[in-house]
Amino acid sequence: MSGSQRKPESFAKGFLKFFGLSALAGVVALALLAPTALVSGFAASAGITIFENLPDYIKPINASQSSTLYATQDGKPVEVAKFYHENRISIDYDQMSPNIRNAVVATEDPRFFEHGGVDWVSLIRATITSAATLGNGPGGSTITMQYVKNSLVEAANLAGDKEAIAAATQGGLGGIDRKLREIRLAIALEGVATKQEILAGYLNLSFFGNQINGIEAASNYYFGKKASELNIPEAALLAGMLKSPNDYKPDEEANLSRAKSRRDYVINNMYEAGFITGQQADEAKNTPIITKLTHTPSGCEGTENAAFFCDFVVWTIRNNSEFGPTPEDRENLLRRGGLEIYSTMDIDVQEAAHKASMKWAPFNDPSQIGSASVSVQVGTGRVLAIAENRIYDQTQSEELGHTSVNYATDKEYGGSSGFQTGSTYKVFTLAQWLSSGKRLGDHVDGRVKEWDASEFSARCGGIGGTWKPNNIVKEPEDLNIVQATAMSVNTAYVSMAAQLDLCDIRDTAMRFGVHRADGTELQYIPSSVLGVNEIAPLTMAAAMAGIANKGVFCTPIAIDKVIVRNTKAELRAPTSDCSVAVSPEVAAGMTYAMQRVISGGTGGASATGDGTPLAGKTGTTDSGVHTWMTGFSTQVATATWVGNVVGTKSLGGLRLNNKAANTVRHDIWRTIMKAANKKYPGSGFNPPPDDMLGTTMIAVPVVAGTDPAAAAELIKASDLNAKIIATPVTSSFPAGSVAYTKPAAGDTRARGSQIKIYVSAGGAETVPDVAGMSVINAKATLLAAGFAAVSEPQASQSQFFVKHPTIAKGKVVGTDPAAGSPADQAGAILLIISTGP
C-alpha cells in the first residue's frame, strides 16, 4: 500500500513468486502466440460455462447493499433508517457522473472500452516486470478482472466461506490459478454484459473506507451529494482512493496531503486521456480538498424519533420466514440485501408521539418511570406510531434512560414481558356482558365484599381461593353499566364477571388479539377481570382499533411492502388478518359506554377538545404501579402506558414534568390523538340499538315477615341486588324478620337494582282507623289499642287541618302514622282534623 513500508522478502519466497509469475507469463505468451479467435473463443466458451454454473453474484447488478426503511409523510416516502453490513447503495451507470466514470477509466484501465475483458499487452508487460522484480511490479488487471475478483470476494463474504475468501485473494503459486480464473471469468462476463454494466458494477462494489462500499454511498459520505453530482476534483479524489482507500480517505487529517497528490495524479490521467481540457485540469488541481462528511448511522440507532418503531420492523423481518428460512438469513437479507422497506409509520403521528413521550415522561428522570405509546389505524391494522421515553441504545449501556428493550412490543419482538393493564381490560368483560344479551341500562352491585372462587364460573378450568377487590375512590353501591364503565368501578365489574363465565371473558379478549407479552397463557382467574395479565401496548392499541372497527379485529402490521432495490422485485410482507371479535351492535354498545369515560368519566383529562368523537378506557393497577390510557376515534386507536420498568413505586407519589406521575398518561395520549385527528379525521360513532341502552324492569318481590337472608336470596333470584340494613326498625312483624323493603314490594326497578331490606325490631301495633270520630272518641280508641300518646295538632300546624267533603268540621280525618300502618306503641300518634267541606 502507498504510504506504508514493505517488509523485505526472503530469497526463497521471492524465487517462488518469480517462478509462479514466470509460469503465468508463459501462459499469457502462449495466448498471444495462438490465434486470437481460437483463444478468445475457447476462453469465452470455458468462461461462460463456469459463469453459468456460478450464482448471480458475478453479474454487475448484485452486491451487498444497504437496506433503507421509509415512513410516510403526506403520502410520500421519507427515509428513516439504513441497515448495512457494508454501506452500499447500488446505482445505474447513468446515475454516475461522467467525471467519476472518466476518472476511473483513465487511471485504472485506459483501454477499458477497447479490450474484451483482458488487456493482454498490459498483462504481459505487468507480468514480465513483476517477474523481473521478484513480484514487486505493477498489476495488469483490467476493470473487468478487478470486478470479477471483487465479486468473488463479496460472494464468499456473503456466504461466510473463509476458504472461498482465501481462494479469491491468494497469491504465490495459488495466485496463478486465481488469475487464470479471473481471466476466464472476465472474458465470459464481457460476453454477457455491456461495458457500462461492468463499469457500474465495479463502482458499486468498490471499497472507499469506513465501511463504505459503492460510489453512491462514498459520494454521500464524503461530499454530501449524489454520485451523479460529482465534479472533477471530487471524482478524481474518489477514483484515486481505489488504489488504497484507507491511505487516501480525506476524513483524516494525516491523509490530506497524500490524498491531494493522488487526486492530482488522477486529474492528469483524465487530461492525458482527453476527458478534460488543460484548463479544467489546472483548475481542478488548484482546488483544495473540500469535504462535507455526512455520517449514515447503521440501524435504528440512527433515528432518534422513530427508533423503537424501526426496532419493531427489524424484529418483524427477523421473525418472518418470508424473508428467509433462518433468523441469520433474514438478518443477512436486511443488512446486505438492498431492501426498500416501506413501513406503515406516519411520520407526523410518530413525531408527535415521540415528543409527547419525552416531554411528559423525560428519559433522564431519576425515577426512571417508563412510557410507551402505540397508534393503529382502524380497519387496516397499520401501525402508525410506536414511541418510548428512552434513548435507543444497543450497546448495553447503563447510562440513565438508555435501552434497546421495546416496551411497546412482545418479548419475542425485542420487547419486555409486558405490563399489567389494570382497568383497561374491563372492556372485554363489557363485551361479553353485551354479547350474552345483557344491557347497558342494567344495574350492578358496587359494594366491596370478599369473593369466594365458588361464586365465579370458569368452564375451562378450576379456580380457588378468596379475593376482596377494592376501588380507588368511594363507589356508588347501585349503578348501571354505563356508570360503572365511566367511573371504572372495580367492584361493579367483578359483580358483572360473576354473572358471566371467566373463560368466555378470556376468549372474548383473545378474539380481539389479546395475549400475554411473554407468550404464556392468558390468565382467566377472577382478578384477571381487573387487568393482572401483562400485555404489551401494541396489543392493547390493536384491540381498541378492533372495537372502533365495529367489532372486527385486524392484526397489527408495520410493513406495507418490501422491494429489492436492484431487481424491483417485491417480497411478500406480513399482511393484516381481520376477523370478527364481536357483533357490530355489541361494539357500538361498548363504544357508547366508553365515550362516557372521556366525557365526564375517569378519562376526562384525555379529551382533545378538537370536536372529534372519542371513546376510551383508563387503567391503574394496584398501588398505582402502572397507569394506562387507551381509546380511539373512528379512524385511529392509541394505547399509552406509563409505569415502572423496575420496582413497584406508586406513581401517585411521584412527579413527572412537574405533574403527578399518574396523570401524564392523559397528556401523552391527548397529544398523540390530536395529531392523529388532524391527519385522520374521525366521524361520529354508530349508536347501539335502543334495546341495548334500556333494561329489563323487575317487580320487587314480597318478603315482609320472612328471614332477611332468605329475603335477600329471593331478591337476587329475581335479578335484583339486595342490601340488608343493619339498624332494626319498629314493625308489627316479629323482631328479626323483614319489616319492609325500599322500594316497596310490587314496585318495578331496573334489572340489578339494589333493594334495601329493613329488619323488624318488633314493638309495633297497627294503627286503627278513627276517621269520622270525634277527637274524644278517636283518642279513646287509640289509647285502648295500646298507644301511649295521642295528640291534637297545634293551630300553627296547618298541614294537619284539611278540608273534607263528608266529614264535619272538628271531626278526625285520619292519623299520622296512617291507619293500617305499623307504629311504635311508645311513640306518639297525631290526629288530622277536618275543617269541613
# chains A, B, ... in the order shown; residues from 1 in each chain; ligands from 1
$ closest_atom_pairs --of "segment 476-576 of chain A" --to "segment 342-354 of chain A" --cutoff "12 Å" --atoms "only C-alpha atoms" --output "Markdown table"
| residue | atom | partner | partner_atom | distance |
| --- | --- | --- | --- | --- |
| A:Pro556 | CA | A:Thr344 | CA | 10.1 |
| A:Ile557 | CA | A:Thr344 | CA | 7.5 |
| A:Ala558 | CA | A:Thr344 | CA | 5.1 |
| A:Ile559 | CA | A:Ser343 | CA | 4.1 |
| A:Asp560 | CA | A:Ser343 | CA | 5.4 |
| A:Lys561 | CA | A:Tyr342 | CA | 5.3 |
| A:Val562 | CA | A:Tyr342 | CA | 6.1 |
| A:Ile563 | CA | A:Tyr342 | CA | 8.3 |
| A:Val564 | CA | A:Tyr342 | CA | 11.3 |
| A:Arg565 | CA | A:Tyr342 | CA | 11.9 |
| A:Glu570 | CA | A:Tyr342 | CA | 11.0 |
| A:Leu571 | CA | A:Tyr342 | CA | 11.4 |
| A:Ala573 | CA | A:Tyr342 | CA | 10.1 |
| A:Pro574 | CA | A:Ser343 | CA | 11.3 |
| A:Thr575 | CA | A:Thr344 | CA | 11.5 |
| A:Ser576 | CA | A:Thr344 | CA | 11.7 |
$ residues_around --residues "segment 741-743 of chain A" --least-positions-apart "5" --cutoff "12 Å" --atoms "only C-alpha atoms" --output "VMD selection string"
chain A and resid 698 to 706 708 711 to 712 715 720 to 725 729 748 to 750 753 to 760
$ write_last_selection --atoms "N, CA and C atoms" --output "compact mmCIF listing (two decimals), in the first residue's frame"
# COMPACT_ATOMS: atom_id res chain seq x y z
N ILE A 698 -88.05 -5.16 36.68
CA ILE A 698 -88.40 -6.32 37.50
C ILE A 698 -89.16 -5.85 38.74
N ALA A 699 -90.24 -6.55 39.09
CA ALA A 699 -91.04 -6.21 40.27
C ALA A 699 -90.34 -6.70 41.53
N VAL A 700 -90.38 -5.86 42.56
CA VAL A 700 -89.78 -6.24 43.85
C VAL A 700 -90.68 -7.29 44.51
N PRO A 701 -90.12 -8.43 44.86
CA PRO A 701 -90.96 -9.48 45.45
C PRO A 701 -91.41 -9.12 46.88
N VAL A 702 -92.48 -9.78 47.32
CA VAL A 702 -92.98 -9.60 48.70
C VAL A 702 -92.14 -10.45 49.64
N VAL A 703 -91.46 -9.80 50.59
CA VAL A 703 -90.60 -10.54 51.51
C VAL A 703 -90.87 -10.16 52.97
N ALA A 704 -91.84 -9.29 53.22
CA ALA A 704 -92.10 -8.84 54.59
C ALA A 704 -92.47 -10.04 55.46
N GLY A 705 -91.90 -10.06 56.67
CA GLY A 705 -92.18 -11.12 57.63
C GLY A 705 -91.30 -12.34 57.46
N THR A 706 -90.44 -12.37 56.39
CA THR A 706 -89.57 -13.53 56.18
C THR A 706 -88.18 -13.28 56.76
N PRO A 708 -84.45 -12.31 56.81
CA PRO A 708 -83.75 -11.36 55.94
C PRO A 708 -82.80 -12.04 54.94
N ALA A 711 -84.80 -13.56 52.33
CA ALA A 711 -85.38 -12.49 51.52
C ALA A 711 -84.35 -11.98 50.51
N ALA A 712 -83.08 -11.84 50.96
CA ALA A 712 -82.02 -11.37 50.07
C ALA A 712 -81.81 -12.36 48.92
N ILE A 715 -84.62 -11.99 46.44
CA ILE A 715 -84.45 -10.77 45.63
C ILE A 715 -83.37 -10.99 44.56
N LEU A 720 -82.34 -8.95 40.98
CA LEU A 720 -82.14 -7.68 41.66
C LEU A 720 -81.06 -7.89 42.72
N ASN A 721 -80.48 -6.83 43.21
CA ASN A 721 -79.50 -6.94 44.29
C ASN A 721 -80.13 -6.53 45.60
N ALA A 722 -79.67 -7.13 46.67
CA ALA A 722 -80.26 -6.87 47.99
C ALA A 722 -79.22 -6.33 48.95
N LYS A 723 -79.66 -5.41 49.78
CA LYS A 723 -78.81 -4.90 50.85
C LYS A 723 -79.62 -4.90 52.14
N ILE A 724 -79.13 -5.62 53.13
CA ILE A 724 -79.82 -5.68 54.42
C ILE A 724 -79.34 -4.53 55.28
N ILE A 725 -80.26 -3.69 55.72
CA ILE A 725 -79.93 -2.54 56.56
C ILE A 725 -79.77 -3.02 58.00
N VAL A 729 -85.85 -1.61 62.59
CA VAL A 729 -86.91 -0.60 62.61
C VAL A 729 -88.13 -1.18 63.31
N THR A 748 -91.54 -1.67 40.48
CA THR A 748 -90.62 -2.22 39.49
C THR A 748 -89.33 -1.38 39.42
N ARG A 749 -88.23 -2.07 39.23
CA ARG A 749 -86.93 -1.41 39.13
C ARG A 749 -86.10 -2.09 38.04
N ALA A 750 -85.05 -1.39 37.57
CA ALA A 750 -84.16 -1.93 36.54
C ALA A 750 -83.46 -3.17 37.04
N SER A 753 -80.90 -3.62 40.13
CA SER A 753 -81.00 -2.50 41.07
C SER A 753 -80.94 -3.01 42.50
N GLN A 754 -80.48 -2.15 43.38
CA GLN A 754 -80.36 -2.52 44.78
C GLN A 754 -81.70 -2.32 45.51
N ILE A 755 -82.10 -3.34 46.23
CA ILE A 755 -83.31 -3.30 47.03
C ILE A 755 -82.88 -3.37 48.50
N LYS A 756 -83.27 -2.39 49.28
CA LYS A 756 -82.88 -2.35 50.69
C LYS A 756 -83.90 -3.12 51.54
N ILE A 757 -83.38 -3.98 52.39
CA ILE A 757 -84.21 -4.80 53.27
C ILE A 757 -84.09 -4.25 54.69
N TYR A 758 -85.22 -3.88 55.26
CA TYR A 758 -85.24 -3.36 56.63
C TYR A 758 -85.72 -4.46 57.58
N VAL A 759 -84.98 -4.66 58.65
CA VAL A 759 -85.25 -5.74 59.60
C VAL A 759 -86.13 -5.20 60.73
N SER A 760 -87.10 -5.99 61.11
CA SER A 760 -88.05 -5.57 62.16
C SER A 760 -87.42 -5.67 63.54
$ atom_distance --atom1 "atom CA of Asp577 of chain A" --atom2 "atom CA of Thr380 of chain A"
8.8 Å
$ atom_distance --atom1 "atom CA of Ala795 of chain A" --atom2 "atom CA of Ile833 of chain A"
10.7 Å
$ select_by_dssp --residues "segment 535-762 of chain A" --states "strand (DSSP E or B)" --output "ChimeraX atom specification"
/A:535,552-554,557,559-564,570-571,578-580,615-620,626-632,636-644,655-656,659-660,697-699,721-731,738-742,748-750,754-762
$ closest_residue --among "A:Ser834, A:Ser228, A:Thr781, A:Ala823" --to "Phe800 of chain A" --atoms "only C-alpha atoms"
A:Ser834
$ select_by_dssp --residues "segment 487-676 of chain A" --states "alpha helix (DSSP H)" --output "ChimeraX atom specification"
/A:490-498,502-511,537-548,584-598,664-676
$ residues_around --residues "segment 296-302 of chain A" --least-positions-apart "5" --cutoff "8 Å" --atoms "only C-alpha atoms" --output "list in words"
Ala81, Lys82, Phe83, Tyr84, Tyr221, Ala307, Phe308, Cys310, Asp311, Tyr392, Asp393 and Gln394 of chain A
$ closest_residue --among "A:Val383, A:Ala761, A:Cys460, A:Ala709" --to "Ser731 of chain A" --atoms "only C-alpha atoms"
A:Ala761
$ residues_around --residues "Ala826 of chain A" --least-positions-apart "3" --cutoff "10 Å" --atoms "only C-alpha atoms" --output "PyMOL selection string"
chain A and resi 763-765+786-789+823+829
$ write_last_selection --atoms "N, CA and C atoms" --output "mmCIF file, in the first residue's frame"
data_model
loop_
_atom_site.group_PDB
_atom_site.id
_atom_site.type_symbol
_atom_site.label_atom_id
_atom_site.label_comp_id
_atom_site.auth_asym_id
_atom_site.auth_seq_id
_atom_site.Cartn_x
_atom_site.Cartn_y
_atom_site.Cartn_z
ATOM 1 N N GLY A 763 -92.342 -4.584 68.485
ATOM 2 C CA GLY A 763 -92.836 -3.454 69.271
ATOM 3 C C GLY A 763 -93.742 -2.544 68.494
ATOM 4 N N ALA A 764 -94.365 -2.990 67.469
ATOM 5 C CA ALA A 764 -95.216 -2.133 66.661
ATOM 6 C C ALA A 764 -96.633 -2.685 66.671
ATOM 7 N N GLU A 765 -97.617 -1.783 66.546
ATOM 8 C CA GLU A 765 -99.028 -2.157 66.504
ATOM 9 C C GLU A 765 -99.632 -1.460 65.302
ATOM 10 N N GLY A 786 -103.459 0.556 72.753
ATOM 11 C CA GLY A 786 -102.150 0.394 73.363
ATOM 12 C C GLY A 786 -101.166 1.501 73.074
ATOM 13 N N PHE A 787 -101.581 2.524 72.315
ATOM 14 C CA PHE A 787 -100.658 3.620 72.035
ATOM 15 C C PHE A 787 -100.620 4.566 73.213
ATOM 16 N N ALA A 788 -99.430 4.933 73.631
ATOM 17 C CA ALA A 788 -99.241 5.660 74.883
ATOM 18 C C ALA A 788 -99.575 7.132 74.766
ATOM 19 N N ALA A 789 -99.451 7.714 73.586
ATOM 20 C CA ALA A 789 -99.641 9.158 73.462
ATOM 21 C C ALA A 789 -100.403 9.471 72.197
ATOM 22 N N ALA A 823 -96.899 0.979 63.903
ATOM 23 C CA ALA A 823 -96.330 2.129 64.607
ATOM 24 C C ALA A 823 -95.892 1.692 65.984
ATOM 25 N N ILE A 829 -99.091 9.383 68.365
ATOM 26 C CA ILE A 829 -99.987 9.377 67.217
ATOM 27 C C ILE A 829 -100.585 10.769 67.132
#
$ closest_residue --among "A:Leu831, A:Ala193, A:Val313, A:Ala71" --to "Val802 of chain A" --atoms "only C-alpha atoms"
A:Leu831
$ atom_distance --atom1 "atom CA of Ala156 of chain A" --atom2 "atom CA of Phe113 of chain A"
28.6 Å
$ residues_around --residues "segment 581-588 of chain A" --least-positions-apart "6" --cutoff "8 Å" --atoms "only C-alpha atoms" --output "list in words"
Ala431, Leu434, Ser435, Thr508, Arg511, Phe512, Gly546, Ile547, Ala548, Lys550, Gly551, Val552, Phe553, Phe685, Asn686, Pro687, Pro688 and Pro689 of chain A
$ closest_residue --among "A:Val642, A:Ile290, A:Ala239, A:Val314" --to "Gly414 of chain A" --atoms "only C-alpha atoms"
A:Val314
$ residues_around --residues "segment 66-70 of chain A" --least-positions-apart "3" --cutoff "7 Å" --atoms "only C-alpha atoms" --output "list of chain:residue names"
A:Pro77, A:Val78, A:Glu79, A:Val80, A:Ala81, A:Lys82, A:Phe83, A:Tyr84, A:Glu86, A:Asn87, A:Arg88, A:Ile89, A:Leu334, A:Arg335, A:Arg336, A:Gly337, A:Gly338, A:Leu339, A:Glu340, A:Ile341, A:Tyr342, A:Ser343
$ residues_around --residues "His115 of chain A" --least-positions-apart "2" --cutoff "12 Å" --atoms "only C-alpha atoms" --output "JSON, numbers by chain"
{"A": [40, 109, 110, 111, 112, 113, 117, 118, 119, 120, 121, 122, 123, 141, 142, 143, 144, 145, 186, 187, 190, 191, 195]}
$ closest_residue --among "A:Ala593, A:Ala200, A:Ala517, A:Ala218" --to "Asn533 of chain A" --atoms "only C-alpha atoms"
A:Ala517
$ decode --residues "segment 699-716 of chain A" --atoms "N, CA and C atoms" --output "short mmCIF file (atom, residue, chain, number, x, y, z; two decimals), in the first residue's frame"
data_model
loop_
_atom_site.label_atom_id
_atom_site.label_comp_id
_atom_site.auth_asym_id
_atom_site.auth_seq_id
_atom_site.Cartn_x
_atom_site.Cartn_y
_atom_site.Cartn_z
N ALA A 699 -90.24 -6.55 39.09
CA ALA A 699 -91.04 -6.21 40.27
C ALA A 699 -90.34 -6.70 41.53
N VAL A 700 -90.38 -5.86 42.56
CA VAL A 700 -89.78 -6.24 43.85
C VAL A 700 -90.68 -7.29 44.51
N PRO A 701 -90.12 -8.43 44.86
CA PRO A 701 -90.96 -9.48 45.45
C PRO A 701 -91.41 -9.12 46.88
N VAL A 702 -92.48 -9.78 47.32
CA VAL A 702 -92.98 -9.60 48.70
C VAL A 702 -92.14 -10.45 49.64
N VAL A 703 -91.46 -9.80 50.59
CA VAL A 703 -90.60 -10.54 51.51
C VAL A 703 -90.87 -10.16 52.97
N ALA A 704 -91.84 -9.29 53.22
CA ALA A 704 -92.10 -8.84 54.59
C ALA A 704 -92.47 -10.04 55.46
N GLY A 705 -91.90 -10.06 56.67
CA GLY A 705 -92.18 -11.12 57.63
C GLY A 705 -91.30 -12.34 57.46
N THR A 706 -90.44 -12.37 56.39
CA THR A 706 -89.57 -13.53 56.18
C THR A 706 -88.18 -13.28 56.76
N ASP A 707 -87.37 -14.33 56.76
CA ASP A 707 -85.99 -14.19 57.24
C ASP A 707 -85.21 -13.27 56.29
N PRO A 708 -84.45 -12.31 56.81
CA PRO A 708 -83.75 -11.36 55.94
C PRO A 708 -82.80 -12.04 54.94
N ALA A 709 -82.05 -13.05 55.38
CA ALA A 709 -81.12 -13.72 54.45
C ALA A 709 -81.88 -14.42 53.34
N ALA A 710 -82.99 -15.06 53.72
CA ALA A 710 -83.80 -15.72 52.71
C ALA A 710 -84.43 -14.70 51.77
N ALA A 711 -84.80 -13.56 52.33
CA ALA A 711 -85.38 -12.49 51.52
C ALA A 711 -84.35 -11.98 50.51
N ALA A 712 -83.08 -11.84 50.96
CA ALA A 712 -82.02 -11.37 50.07
C ALA A 712 -81.81 -12.36 48.92
N GLU A 713 -81.83 -13.64 49.20
CA GLU A 713 -81.65 -14.64 48.16
C GLU A 713 -82.81 -14.60 47.16
N LEU A 714 -84.02 -14.39 47.67
CA LEU A 714 -85.18 -14.31 46.79
C LEU A 714 -85.08 -13.09 45.86
N ILE A 715 -84.62 -11.99 46.44
CA ILE A 715 -84.45 -10.77 45.63
C ILE A 715 -83.37 -10.99 44.56
N LYS A 716 -82.24 -11.63 44.95
CA LYS A 716 -81.17 -11.90 43.98
C LYS A 716 -81.66 -12.84 42.89
#
